Amino acid sequence: MNSKFKSFMETLASKYPGEKIAVATSGGADSMALLNWCAASGAQTLAVTVDHKLRPESGVEAVLVGREAQRLGVPHHTLEWTGAKPTTGIEESARNARYDLLLDFCRANGIKILATAHHADDNIETFLMNLGRGSGLFGLGGLRALQDRDGIIIARPVLDTRRSELRDWCIENKVEFAEDPMNQDDKFLRVRIRKNRRLLADSLDISDDRILTAIRALDRARSVAETSIGELIDQTEQKGSRVQFAAGFLFDMHEDTQMKFFSRVLQKVGGSEYPPRLDSVTRALRELVSDTTVTLAHCAVRRLGNRIIVAPEGSSTSFNKD
């Protein structure tokens, strides 16, 4: 393990002393290295594998993780994504299903911390994907080292570690790992970015280190903005799962603040981990200039005169009901 990981784990232990850590372990080099490092750190560690049932060999990979967990002396649990699978948007659907299964497992077992093996290369790829989507500050600030999701802390202890270091560690220490063929499938945007990212450095002298420096700067700016947005959200009227505020309160904000505030309210009410797409938010705000109801990000947003009510999609937008 490297010094950055050790420092992260020391900070995590001081913030959440004595808490168990469930390590999301797919069987790839990244998560296998993380599982080994967490076990070696002295933390109360267990491995959790999600079998998406998307490939015949996925069950074999779960067995691989089980063998490694047994060698390390840590418990291992396999969670299966059952039922019909979507024919489009499979990458996003699989990610959402994975988090739902992992978070439900943590809640059911009284586990406070879920560790994932997102690393520096993942952070760069996510930044470039969001850049291509036209994301603002919140999307370009990158992955978060610590994130509270419905009471479970998602920890990313190797976010400052490169993919190559994790893979090399596994090879040097004879830790067996699996290769996911989906990581080579060009139909996925992330894979295409991964394969072509070197062009930024080779042709434009935009190195990975420079991108990471930009991400860290944007993350700091995002933290400051979130404090301000949080204070604005505290000024709204909240009843049960619904939020209400004056239309003037929203539309008198600076455009950038307005977008961030509205996105955060939608996330809060809709329960999504990620903010809605920028173009969807822009379109909704444009429609809310007059009395109407729009739906996005699992929310129904209704304007009645000078009131705007945001409620979970499918529920009542009357603010007088619980």
# chains A, B, ... in the order shown; residues from 1 in each chain; ligands from 1
call {"tool": "residues_around", "arguments": {"residues": "Ala311 (chain A)", "least_positions_apart": "4", "cutoff": "10 Å", "atoms": "only C-alpha atoms", "output": "list in words"}}
result
Lys239, Gly240, Ser241, Arg242, Val243, Gln244, Val265, Leu266, Lys268, Val269, Gly270, Thr295, His298, Cys299, Ala300, Val301, Arg302, Ser315, Ser316, Thr317, Ser318 and Phe319 of chain A
call {"tool": "residues_around", "arguments": {"residues": "Lys195 (chain A)", "least_positions_apart": "2", "cutoff": "12 Å", "atoms": "only C-alpha atoms", "output": "list in words"}}
result
Asp121, Glu125, Asn183, Gln184, Asp185, Asp186, Phe188, Leu189, Arg190, Val191, Arg192, Ile193, Arg197, Arg198, Leu199 and Leu200 of chain A
call {"tool": "write_last_selection", "arguments": {"atoms": "all heavy atoms", "output": "tab-separated table (two decimals), in the first residue's frame"}}
result
chain	number	residue	atom	x	y	z
A	121	ASP	N	-7.31	7.49	-12.44
A	121	ASP	CA	-7.68	7.38	-13.85
A	121	ASP	C	-9.20	7.43	-14.03
A	121	ASP	O	-9.70	8.02	-14.99
A	121	ASP	CB	-7.11	6.09	-14.45
A	121	ASP	CG	-5.60	6.10	-14.45
A	121	ASP	OD1	-5.02	5.77	-13.39
A	121	ASP	OD2	-5.00	6.45	-15.47
A	125	GLU	N	-11.28	10.15	-16.31
A	125	GLU	CA	-12.27	9.73	-17.29
A	125	GLU	C	-13.65	10.32	-17.00
A	125	GLU	O	-14.35	10.76	-17.92
A	125	GLU	CB	-12.34	8.19	-17.32
A	125	GLU	CG	-11.08	7.56	-17.90
A	125	GLU	CD	-10.89	6.11	-17.50
A	125	GLU	OE1	-11.83	5.52	-16.93
A	125	GLU	OE2	-9.79	5.56	-17.76
A	183	ASN	N	-14.45	-3.73	-20.34
A	183	ASN	CA	-13.49	-2.63	-20.26
A	183	ASN	C	-12.77	-2.40	-21.59
A	183	ASN	O	-12.00	-1.44	-21.72
A	183	ASN	CB	-12.46	-2.89	-19.17
A	183	ASN	CG	-13.06	-2.75	-17.78
A	183	ASN	OD1	-14.02	-2.02	-17.58
A	183	ASN	ND2	-12.49	-3.47	-16.82
A	184	GLN	N	-13.00	-3.26	-22.56
A	184	GLN	CA	-12.41	-3.10	-23.89
A	184	GLN	C	-13.46	-2.86	-24.97
A	184	GLN	O	-13.13	-2.77	-26.15
A	184	GLN	CB	-11.59	-4.35	-24.25
A	184	GLN	CG	-10.45	-4.65	-23.29
A	184	GLN	CD	-9.42	-3.55	-23.26
A	184	GLN	OE1	-9.09	-2.96	-24.29
A	184	GLN	NE2	-8.89	-3.25	-22.07
A	185	ASP	N	-14.71	-2.73	-24.55
A	185	ASP	CA	-15.82	-2.60	-25.51
A	185	ASP	C	-16.02	-1.14	-25.89
A	185	ASP	O	-16.43	-0.32	-25.08
A	185	ASP	CB	-17.09	-3.16	-24.87
A	185	ASP	CG	-18.22	-3.33	-25.88
A	185	ASP	OD1	-18.19	-2.65	-26.92
A	185	ASP	OD2	-19.13	-4.15	-25.63
A	186	ASP	N	-15.75	-0.82	-27.15
A	186	ASP	CA	-15.79	0.56	-27.62
A	186	ASP	C	-17.19	1.17	-27.67
A	186	ASP	O	-17.34	2.37	-27.94
A	186	ASP	CB	-15.16	0.68	-29.02
A	186	ASP	CG	-13.64	0.58	-28.97
A	186	ASP	OD1	-13.09	0.63	-27.86
A	186	ASP	OD2	-13.01	0.45	-30.04
A	188	PHE	N	-18.92	1.67	-25.18
A	188	PHE	CA	-19.03	2.46	-23.97
A	188	PHE	C	-18.15	3.70	-24.08
A	188	PHE	O	-16.96	3.61	-24.41
A	188	PHE	CB	-18.64	1.65	-22.74
A	188	PHE	CG	-19.51	0.45	-22.51
A	188	PHE	CD1	-18.99	-0.83	-22.56
A	188	PHE	CD2	-20.87	0.59	-22.25
A	188	PHE	CE1	-19.78	-1.94	-22.35
A	188	PHE	CE2	-21.68	-0.51	-22.04
A	188	PHE	CZ	-21.14	-1.78	-22.09
A	189	LEU	N	-18.71	4.85	-23.76
A	189	LEU	CA	-17.97	6.11	-23.86
A	189	LEU	C	-16.72	6.10	-22.99
A	189	LEU	O	-15.65	6.56	-23.41
A	189	LEU	CB	-18.88	7.28	-23.47
A	189	LEU	CG	-18.23	8.66	-23.39
A	189	LEU	CD1	-17.62	9.06	-24.73
A	189	LEU	CD2	-19.24	9.71	-22.91
A	190	ARG	N	-16.84	5.58	-21.78
A	190	ARG	CA	-15.69	5.58	-20.88
A	190	ARG	C	-14.52	4.81	-21.49
A	190	ARG	O	-13.36	5.20	-21.36
A	190	ARG	CB	-16.07	4.98	-19.52
A	190	ARG	CG	-14.93	5.01	-18.49
A	190	ARG	CD	-15.38	4.46	-17.16
A	190	ARG	NE	-16.35	5.31	-16.50
A	190	ARG	CZ	-16.03	6.34	-15.74
A	190	ARG	NH1	-14.76	6.67	-15.55
A	190	ARG	NH2	-16.97	7.05	-15.15
A	191	VAL	N	-14.82	3.71	-22.16
A	191	VAL	CA	-13.77	2.91	-22.78
A	191	VAL	C	-13.11	3.69	-23.91
A	191	VAL	O	-11.88	3.69	-24.05
A	191	VAL	CB	-14.34	1.57	-23.30
A	191	VAL	CG1	-13.29	0.81	-24.10
A	191	VAL	CG2	-14.84	0.72	-22.13
A	192	ARG	N	-13.91	4.37	-24.72
A	192	ARG	CA	-13.34	5.16	-25.82
A	192	ARG	C	-12.46	6.28	-25.28
A	192	ARG	O	-11.39	6.57	-25.84
A	192	ARG	CB	-14.47	5.73	-26.69
A	192	ARG	CG	-15.30	4.66	-27.38
A	192	ARG	CD	-16.12	5.22	-28.53
A	192	ARG	NE	-17.05	6.26	-28.12
A	192	ARG	CZ	-18.27	6.04	-27.66
A	192	ARG	NH1	-18.71	4.79	-27.52
A	192	ARG	NH2	-19.07	7.05	-27.35
A	193	ILE	N	-12.88	6.90	-24.20
A	193	ILE	CA	-12.05	7.94	-23.58
A	193	ILE	C	-10.75	7.34	-23.07
A	193	ILE	O	-9.66	7.90	-23.26
A	193	ILE	CB	-12.83	8.65	-22.45
A	193	ILE	CG1	-13.92	9.54	-23.04
A	193	ILE	CG2	-11.89	9.47	-21.56
A	193	ILE	CD1	-14.82	10.18	-22.01
A	197	ARG	N	-7.33	8.83	-24.49
A	197	ARG	CA	-6.95	9.93	-23.60
A	197	ARG	C	-5.51	10.39	-23.82
A	197	ARG	O	-5.19	11.57	-23.67
A	197	ARG	CB	-7.13	9.47	-22.14
A	197	ARG	CG	-7.23	10.59	-21.14
A	197	ARG	CD	-7.47	10.00	-19.76
A	197	ARG	NE	-6.26	9.50	-19.16
A	197	ARG	CZ	-6.22	8.49	-18.30
A	197	ARG	NH1	-7.31	7.85	-17.98
A	197	ARG	NH2	-5.06	8.10	-17.78
A	198	ARG	N	-4.67	9.48	-24.21
A	198	ARG	CA	-3.25	9.81	-24.42
A	198	ARG	C	-3.07	10.89	-25.49
A	198	ARG	O	-2.04	11.58	-25.51
A	198	ARG	CB	-2.47	8.57	-24.82
A	198	ARG	CG	-3.00	7.91	-26.08
A	198	ARG	CD	-2.18	6.71	-26.53
A	198	ARG	NE	-2.76	6.10	-27.71
A	198	ARG	CZ	-2.67	6.60	-28.94
A	198	ARG	NH1	-2.00	7.73	-29.15
A	198	ARG	NH2	-3.23	5.98	-29.96
A	199	LEU	N	-4.06	11.03	-26.39
A	199	LEU	CA	-3.95	12.03	-27.45
A	199	LEU	C	-3.89	13.45	-26.87
A	199	LEU	O	-3.27	14.33	-27.46
A	199	LEU	CB	-5.13	11.92	-28.41
A	199	LEU	CG	-5.23	10.61	-29.21
A	199	LEU	CD1	-6.51	10.58	-30.04
A	199	LEU	CD2	-4.01	10.43	-30.09
A	200	LEU	N	-4.50	13.65	-25.73
A	200	LEU	CA	-4.45	14.97	-25.10
A	200	LEU	C	-3.02	15.32	-24.72
A	200	LEU	O	-2.58	16.47	-24.90
A	200	LEU	CB	-5.35	15.00	-23.86
A	200	LEU	CG	-6.85	14.95	-24.10
A	200	LEU	CD1	-7.60	14.80	-22.77
A	200	LEU	CD2	-7.32	16.20	-24.83
call {"tool": "residues_around", "arguments": {"residues": "region 252-261 of chain A", "least_positions_apart": "2", "cutoff": "9 Å", "atoms": "only C-alpha atoms", "output": "list in words"}}
result
Gly136, Leu137, Phe138, Ala225, Glu226, Ser228, Ile229, Gly230, Leu232, Ile233, Ala247, Gly248, Phe249, Leu250, Ser263, Arg264, Val265, Leu266, Leu278, Val281, Thr282 and Leu285 of chain A
call {"tool": "select_by_dssp", "arguments": {"residues": "region 40-280 of chain A", "states": "helix (DSSP H, G or I)", "output": "ChimeraX atom specification"}}
result
/A:40,58-72,90-108,120-132,137-140,163-172,181-184,189-196,198-204,208-234,247-251,255-270,278-280
call {"tool": "residues_around", "arguments": {"residues": "Val63 (chain A)", "least_positions_apart": "4", "cutoff": "10 Å", "atoms": "only C-alpha atoms", "output": "list in words"}}
result
Gly27, Thr49, Ser58, Gly59, Arg67, Glu68, Ala69, His76 and Thr78 of chain A
